[in-house]
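Single-structure report; data block below.
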Amino acid sequence: MVAAVAFDGVSKRFRVYRQRHHSLKEAFIRRRRGVYDEFWVLRGISFQVESGTTLGVIGPNGSGKSTMLKLIARILHPNAGRITVGGRVSALLELGTGFHPDYTGRENIYLNGALLGLRRDVIRARLDEIIDFAAIRPFIDNAVKTYSSGMTMRLGFAIAVNVDPEILLIDEVLAVGDAEFAQKCYARISQFRAEGKTIILVSHDLDAIRKFSDRAILIDQGDIRADGSPDEVTNRYLNDVRRRQEHPEELADLKTTARWGTHEAEITRIEMLGTDGRPRYAFDTGDPLEVVVSYRCRRPVNDPVFGISISRADGVYCYAANTRANGIRIPRVADAGTVTCSLPQLNLLEGSYFLSAAITDYERGTTFDHWDRRVEFTVRQKQYYAGGVVYMDDHWQVDGTTPVHSPR
Amino acid sequence: MPTEPAEISTSRQPVRPRVGSAPLPLTRGIDHTVAYWELLSNLVSRDLKTRYRGSVLGVFWSLLNPLLLMLVYTVVFSVIVRVNIQPYPIFLLSGLVPWNIFAQTLTIATTSVTDNAGIVRKVYFPLVILPLSAVASTGVHMLISLGLLAVLAIAFHVGIGLSLVFLPLLVVLQILFSTGIGCLLAAGQVYFRDVQYFLSVLITVWFFGTPIVYSLDLVPQRLRPFFEANPMSWLISSYQDIWFYRRMPSLLHLMAFTVVAALVVLVGLSAYDRLSRGFAEEV
């Protein structure tokens, strides 16, 4: 076996500054550069990726997946351990990084290509291929600042895959972009696999992990929790999340959460309840559930609107609903209370999701309180074998022959 | 398939294994060097193109700036204060032109890493390219202003002497010196954002502490040692020797500056190399 990437007891430590001394004066006075907490993003992990295979990497947010890719790409350096990389690496970490907004698409191809270590003559030879892949030929001589975000991303992807990498690192970039381009990206990845390139794929899309990976690892809190076939590892991940529902307090302090608003009315709690009326954070597609938003206000608030929204962990905006859209007008709320939204059937397909809630003003739309990505939950597909984000209750009919029912 | 087999140590060392990443194989290294050389030239041309974008006079500002300064200092020091150096404009410019380039290089180099935080965090490339591109793009300005200086030297009947054969050497030494200091400042700026403010004060003090608007003979004897100990005095007086006095620069100054420049560039590059491992996290 030839390893394309090998980690040997690799640890990485981050410092999270609570108070940062960016000035020399403070640093001299306090004798250090800030008050910080240290935490280990990766704790002595070891694994090898066989050359020519695809490794899927899954794990909850903040588990160290992206750090791992940055270590392989040599953007970050380990605090302990040894990393061996045998081949030219191209990293799709954030597409379009390093584009200069005032430059044309063509100029940016040269600039970005050089940044990725491509020689000018190589770029010139691949220029047409890059432009066609990104499908931006009519705009190639316009400044990149006039591009839509989709165009920028397509150009970024087109350049990065043309680096002709031996090892390709992909971090969740395929989730964004239109369907046609996503299809193109997947086709390109399949082609890379067929050419015997080594691919490391980080994704929340468990379906993609199962479809493309030869092997998968599960990272959680800086350790490798599972290493094996993609089916085994994705199931293990879903089971882990399931087990966590017994300890919902672990979900309470997610770093991704954000909150804003005037706080005239405040959200005090957001809960997801199963049919038994108990908190639950892992569901199967089709499960019924209730979302209970508890609020509090110091003074009575007129005409509030309560709303919830769901996005997938990779940022795909899935669903939003509110009382106003439902034809409900709430004249006045005072003190504290709860608002419940019942969903008879959760039509989301497999993946991990975030639930947000908000209270706004009916007329002016002022945000009283918006609690973004407050609750994380996962969905598993038990009996629906569909792909994508949402279950559509599809029925099929085939003319001219009698279809035979074959349960999967 | 990778052409080079990967080196893998199978033994798992519990106590402090070797830290770091394996170096790239040599063939790939050469290929990369070519590509990154092109990156450097890309960044320089990006810098030159964008610096004067939207300005009417464009690159002429790099000529106009020393000319205007020359006018101001000439009025102040040969009309009002009456420093007895003739022709004062050429004396002044022969030190002011290299000094301006030096100051400009340090200023741009200092923020070269923090200004490019976006790519430092997301893309792997040799980070030393960032301060180097600052040095290179001001180097282009230096060539333009030295041309201007030659034209003025002829116009003021000072002429151009054989002593100018030392010019390339002085330029190279200056580039080495500013590369070393620029790297230190750029790395410092990542960790302490007030390096750039400190630098602007330092440059002003250093400017007046270096014989540029005055000559070293005008400095009182008892203060002379402080001025003599300033490496930039050695460099600037060498420039004045070859342009204004049309004589060979002092061998002592030249050798001393060579030693200092070599030390500074070695220390600067190696400190930068070590500190740059943390840039992606800290910037």
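By order in the structure tokens, chains are A, B, ...; within a chain, residues start at 1; ligands start at 1, following the order shown.
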
Please find the residues of chain A near chain B - the criterion being any atom within 7 Å, counting only C-alpha atoms - and write them as a PyMOL selection string. chain A and resi 2-4+6+8+22-24+51-52+73-87+93-94+97-98+111+114-115+117-119+166+196-197

Using only N, CA and C atoms, please write the residues we just selected to a file, as an mmCIF file, in the first residue's frame.
data_model
loop_
_atom_site.group_PDB
_atom_site.id
_atom_site.type_symbol
_atom_site.label_atom_id
_atom_site.label_comp_id
_atom_site.auth_asym_id
_atom_site.auth_seq_id
_atom_site.Cartn_x
_atom_site.Cartn_y
_atom_site.Cartn_z
ATOM 1 N N VAL A 2 0.525 2.190 -0.845
ATOM 2 C CA VAL A 2 1.221 3.471 -0.872
ATOM 3 C C VAL A 2 0.299 4.521 -0.258
ATOM 4 N N ALA A 3 0.805 5.200 0.759
ATOM 5 C CA ALA A 3 -0.031 6.218 1.386
ATOM 6 C C ALA A 3 0.199 7.564 0.719
ATOM 7 N N ALA A 4 -0.875 8.227 0.321
ATOM 8 C CA ALA A 4 -0.749 9.559 -0.250
ATOM 9 C C ALA A 4 -0.687 10.595 0.862
ATOM 10 N N ALA A 6 -0.381 10.687 5.211
ATOM 11 C CA ALA A 6 -0.268 9.948 6.465
ATOM 12 C C ALA A 6 -0.167 10.920 7.628
ATOM 13 N N ASP A 8 0.592 11.049 11.663
ATOM 14 C CA ASP A 8 1.156 10.224 12.714
ATOM 15 C C ASP A 8 1.124 11.005 14.024
ATOM 16 N N HIS A 22 -3.603 43.437 21.050
ATOM 17 C CA HIS A 22 -2.976 43.603 19.758
ATOM 18 C C HIS A 22 -1.968 44.738 19.780
ATOM 19 N N SER A 23 -1.837 45.395 20.919
ATOM 20 C CA SER A 23 -0.883 46.489 20.939
ATOM 21 C C SER A 23 0.306 46.120 21.811
ATOM 22 N N LEU A 24 1.443 46.674 21.435
ATOM 23 C CA LEU A 24 2.671 46.348 22.151
ATOM 24 C C LEU A 24 2.608 46.791 23.602
ATOM 25 N N SER A 51 -3.083 5.768 -1.602
ATOM 26 C CA SER A 51 -3.038 6.500 -2.850
ATOM 27 C C SER A 51 -4.124 6.000 -3.798
ATOM 28 N N GLY A 52 -4.819 6.932 -4.438
ATOM 29 C CA GLY A 52 -5.835 6.561 -5.413
ATOM 30 C C GLY A 52 -7.195 6.257 -4.820
ATOM 31 N N ALA A 73 -2.977 20.728 3.614
ATOM 32 C CA ALA A 73 -2.644 21.741 2.616
ATOM 33 C C ALA A 73 -1.447 22.593 3.042
ATOM 34 N N ARG A 74 -0.934 22.362 4.259
ATOM 35 C CA ARG A 74 0.205 23.096 4.817
ATOM 36 C C ARG A 74 -0.100 24.569 5.073
ATOM 37 N N ILE A 75 -1.369 24.900 5.206
ATOM 38 C CA ILE A 75 -1.721 26.269 5.590
ATOM 39 C C ILE A 75 -1.503 26.401 7.096
ATOM 40 N N LEU A 76 -1.853 25.357 7.837
ATOM 41 C CA LEU A 76 -1.583 25.319 9.272
ATOM 42 C C LEU A 76 -0.467 24.313 9.533
ATOM 43 N N HIS A 77 0.158 24.445 10.686
ATOM 44 C CA HIS A 77 1.225 23.519 11.046
ATOM 45 C C HIS A 77 0.883 22.851 12.360
ATOM 46 N N PRO A 78 1.207 21.557 12.488
ATOM 47 C CA PRO A 78 0.820 20.847 13.713
ATOM 48 C C PRO A 78 1.658 21.266 14.912
ATOM 49 N N ASN A 79 1.105 21.134 16.105
ATOM 50 C CA ASN A 79 1.870 21.389 17.325
ATOM 51 C C ASN A 79 2.655 20.156 17.744
ATOM 52 N N ALA A 80 2.194 18.998 17.316
ATOM 53 C CA ALA A 80 2.928 17.762 17.578
ATOM 54 C C ALA A 80 2.547 16.760 16.506
ATOM 55 N N GLY A 81 3.428 15.792 16.290
ATOM 56 C CA GLY A 81 3.129 14.761 15.314
ATOM 57 C C GLY A 81 3.725 15.063 13.958
ATOM 58 N N ARG A 82 3.504 14.132 13.031
ATOM 59 C CA ARG A 82 4.123 14.287 11.725
ATOM 60 C C ARG A 82 3.104 14.009 10.628
ATOM 61 N N ILE A 83 3.152 14.859 9.608
ATOM 62 C CA ILE A 83 2.248 14.701 8.480
ATOM 63 C C ILE A 83 3.087 14.447 7.244
ATOM 64 N N THR A 84 2.783 13.405 6.524
ATOM 65 C CA THR A 84 3.500 13.128 5.284
ATOM 66 C C THR A 84 2.514 13.222 4.132
ATOM 67 N N VAL A 85 2.847 14.025 3.150
ATOM 68 C CA VAL A 85 1.980 14.190 1.996
ATOM 69 C C VAL A 85 2.795 13.877 0.759
ATOM 70 N N GLY A 86 2.394 12.849 -0.003
ATOM 71 C CA GLY A 86 3.173 12.455 -1.178
ATOM 72 C C GLY A 86 2.458 12.851 -2.442
ATOM 73 N N GLY A 87 2.519 14.096 -2.786
ATOM 74 C CA GLY A 87 1.904 14.499 -4.045
ATOM 75 C C GLY A 87 1.465 15.937 -4.016
ATOM 76 N N LEU A 93 -10.971 24.857 -0.514
ATOM 77 C CA LEU A 93 -11.423 25.213 0.827
ATOM 78 C C LEU A 93 -12.451 26.326 0.751
ATOM 79 N N GLU A 94 -12.136 27.355 0.053
ATOM 80 C CA GLU A 94 -13.114 28.414 -0.130
ATOM 81 C C GLU A 94 -12.900 28.935 -1.530
ATOM 82 N N THR A 97 -11.084 32.421 -3.355
ATOM 83 C CA THR A 97 -10.192 33.135 -2.447
ATOM 84 C C THR A 97 -9.026 33.692 -3.245
ATOM 85 N N GLY A 98 -8.696 34.944 -3.012
ATOM 86 C CA GLY A 98 -7.548 35.510 -3.700
ATOM 87 C C GLY A 98 -7.891 36.158 -5.024
ATOM 88 N N LEU A 111 -3.626 35.072 -12.016
ATOM 89 C CA LEU A 111 -3.210 35.410 -10.654
ATOM 90 C C LEU A 111 -3.482 34.240 -9.706
ATOM 91 N N ALA A 114 -1.310 31.196 -10.397
ATOM 92 C CA ALA A 114 0.039 31.374 -9.850
ATOM 93 C C ALA A 114 0.034 31.138 -8.349
ATOM 94 N N LEU A 115 -1.031 31.587 -7.697
ATOM 95 C CA LEU A 115 -1.165 31.399 -6.258
ATOM 96 C C LEU A 115 -1.213 29.906 -5.918
ATOM 97 N N GLY A 117 0.299 27.692 -7.572
ATOM 98 C CA GLY A 117 1.542 27.051 -7.994
ATOM 99 C C GLY A 117 1.556 26.594 -9.435
ATOM 100 N N LEU A 118 0.703 27.194 -10.285
ATOM 101 C CA LEU A 118 0.680 26.813 -11.705
ATOM 102 C C LEU A 118 1.558 27.752 -12.515
ATOM 103 N N ARG A 119 2.297 27.169 -13.447
ATOM 104 C CA ARG A 119 3.139 28.006 -14.310
ATOM 105 C C ARG A 119 2.286 28.671 -15.364
ATOM 106 N N GLU A 166 -2.572 15.737 -7.465
ATOM 107 C CA GLU A 166 -2.528 14.307 -7.192
ATOM 108 C C GLU A 166 -3.395 14.006 -5.981
ATOM 109 N N GLY A 196 -7.476 7.769 -10.726
ATOM 110 C CA GLY A 196 -6.621 7.288 -9.648
ATOM 111 C C GLY A 196 -6.049 8.369 -8.762
ATOM 112 N N LYS A 197 -6.746 9.524 -8.688
ATOM 113 C CA LYS A 197 -6.288 10.571 -7.774
ATOM 114 C C LYS A 197 -6.770 10.256 -6.363
#

Could you name the residues that touch range 103-114 of chain B at 9 Å or less, counting only C-alpha atoms, but leaving out those on the same chain fewer than 5 positions away, as a count of residues only? 34

Shell around range 327-337 of chain A at 12 Å using only C-alpha atoms, local window under 2 positions removed, as an mmCIF file with C-alpha atoms, in the first residue's frame:
data_model
loop_
_atom_site.group_PDB
_atom_site.id
_atom_site.type_symbol
_atom_site.label_atom_id
_atom_site.label_comp_id
_atom_site.auth_asym_id
_atom_site.auth_seq_id
_atom_site.Cartn_x
_atom_site.Cartn_y
_atom_site.Cartn_z
ATOM 1 C CA GLU A 264 -38.505 44.088 23.539
ATOM 2 C CA ALA A 265 -39.742 40.525 23.378
ATOM 3 C CA GLU A 266 -37.206 37.782 24.086
ATOM 4 C CA ILE A 267 -36.940 34.136 23.175
ATOM 5 C CA THR A 268 -36.128 32.242 26.346
ATOM 6 C CA ARG A 269 -36.109 28.713 24.997
ATOM 7 C CA VAL A 292 -42.042 25.167 21.121
ATOM 8 C CA VAL A 293 -40.758 28.730 21.361
ATOM 9 C CA SER A 294 -40.918 30.240 24.840
ATOM 10 C CA TYR A 295 -40.852 34.003 25.133
ATOM 11 C CA ARG A 296 -40.747 36.712 27.732
ATOM 12 C CA CYS A 297 -41.295 40.461 27.549
ATOM 13 C CA ARG A 298 -40.800 43.136 30.130
ATOM 14 C CA ARG A 299 -43.530 45.328 28.721
ATOM 15 C CA PRO A 300 -46.514 44.187 26.634
ATOM 16 C CA VAL A 301 -45.717 43.977 22.925
ATOM 17 C CA ASN A 302 -48.340 44.563 20.255
ATOM 18 C CA ASP A 303 -48.642 42.595 17.065
ATOM 19 C CA PRO A 304 -45.684 40.214 17.276
ATOM 20 C CA VAL A 305 -44.932 37.601 14.652
ATOM 21 C CA PHE A 306 -43.329 34.303 15.703
ATOM 22 C CA GLY A 307 -41.341 32.388 13.164
ATOM 23 C CA ALA A 321 -42.655 29.628 8.462
ATOM 24 C CA ASN A 322 -44.271 32.217 10.691
ATOM 25 C CA THR A 323 -47.561 33.096 12.298
ATOM 26 C CA ARG A 324 -48.307 35.927 9.879
ATOM 27 C CA ALA A 325 -47.800 33.746 6.815
ATOM 28 C CA VAL A 339 -45.896 29.458 20.902
ATOM 29 C CA THR A 340 -46.055 26.001 19.387
ATOM 30 C CA ILE A 359 -39.961 37.303 17.021
ATOM 31 C CA THR A 360 -40.569 40.304 14.769
ATOM 32 C CA ASP A 361 -43.008 43.181 14.481
ATOM 33 C CA TYR A 362 -46.065 42.592 12.233
ATOM 34 C CA GLU A 363 -46.103 45.967 10.487
#

Please provide as number ranges by chain all residues within 12 Å of Ala386 in chain A, with the sequence filter that same-chain residues fewer than 3 positions apart are discarded (counting only C-alpha atoms). A: 207, 285, 347-350, 380-383, 389-394

Can you write just those residues out, C-alpha atoms, as a short mmCIF file (atom, residue, chain, number, x, y, z; two decimals), in the first residue's frame?
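Result file part.cif:
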data_model
loop_
_atom_site.label_atom_id
_atom_site.label_comp_id
_atom_site.auth_asym_id
_atom_site.auth_seq_id
_atom_site.Cartn_x
_atom_site.Cartn_y
_atom_site.Cartn_z
CA ASP A 207 -25.30 10.74 0.84
CA THR A 285 -37.93 11.44 7.85
CA ASN A 347 -40.27 16.13 5.22
CA LEU A 348 -36.52 16.67 5.45
CA LEU A 349 -34.16 14.00 4.22
CA GLU A 350 -31.03 12.76 5.90
CA ARG A 380 -32.14 9.89 9.33
CA GLN A 381 -33.82 8.22 6.41
CA LYS A 382 -35.36 4.98 7.55
CA GLN A 383 -37.98 4.18 4.98
CA VAL A 389 -33.09 17.86 0.92
CA VAL A 390 -36.83 17.31 0.98
CA TYR A 391 -39.23 14.41 0.75
CA MET A 392 -41.89 14.98 -1.89
CA ASP A 393 -44.30 12.03 -1.47
CA ASP A 394 -43.67 10.79 -4.99
#

Please provide as a ChimeraX atom specification all residues within 9 Å of Ile236 in chain B, with the sequence filter that same-chain residues fewer than 4 positions apart are discarded (counting only C-alpha atoms). /B:94-96,98-99,210-212,231-232,240-241

Let me see the file: selected residues, C-alpha atoms, as a PDB file, in the first residue's frame.
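To be explicit, this is the file written out as part-v6.pdb:
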ATOM      1  CA  SER B  94      21.001  61.688  -4.331  1.00  0.00           C
ATOM      2  CA  GLY B  95      20.089  60.780  -0.731  1.00  0.00           C
ATOM      3  CA  LEU B  96      16.362  61.450  -0.801  1.00  0.00           C
ATOM      4  CA  PRO B  98      17.027  55.974  -2.138  1.00  0.00           C
ATOM      5  CA  TRP B  99      15.645  56.992   1.264  1.00  0.00           C
ATOM      6  CA  THR B 210      20.415  60.332   8.589  1.00  0.00           C
ATOM      7  CA  PRO B 211      22.441  62.919   6.630  1.00  0.00           C
ATOM      8  CA  ILE B 212      19.985  63.479   3.764  1.00  0.00           C
ATOM      9  CA  PRO B 231      23.850  52.042   8.989  1.00  0.00           C
ATOM     10  CA  MET B 232      21.599  54.135   6.782  1.00  0.00           C
ATOM     11  CA  GLN B 240      25.913  60.980  -2.224  1.00  0.00           C
ATOM     12  CA  ASP B 241      29.527  60.076  -2.972  1.00  0.00           C
TER      13      ASP B 241
END

From the set A:Asn142, A:Thr54, A:Gln397, A:Gln48, which residue has the shortest atom-to-atom contact distance to Ser229 in chain A, counting only C-alpha atoms?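 Between A:Asn142, A:Thr54, A:Gln397, A:Gln48, the residue approaching Ser229 in chain A most closely is A:Thr54.
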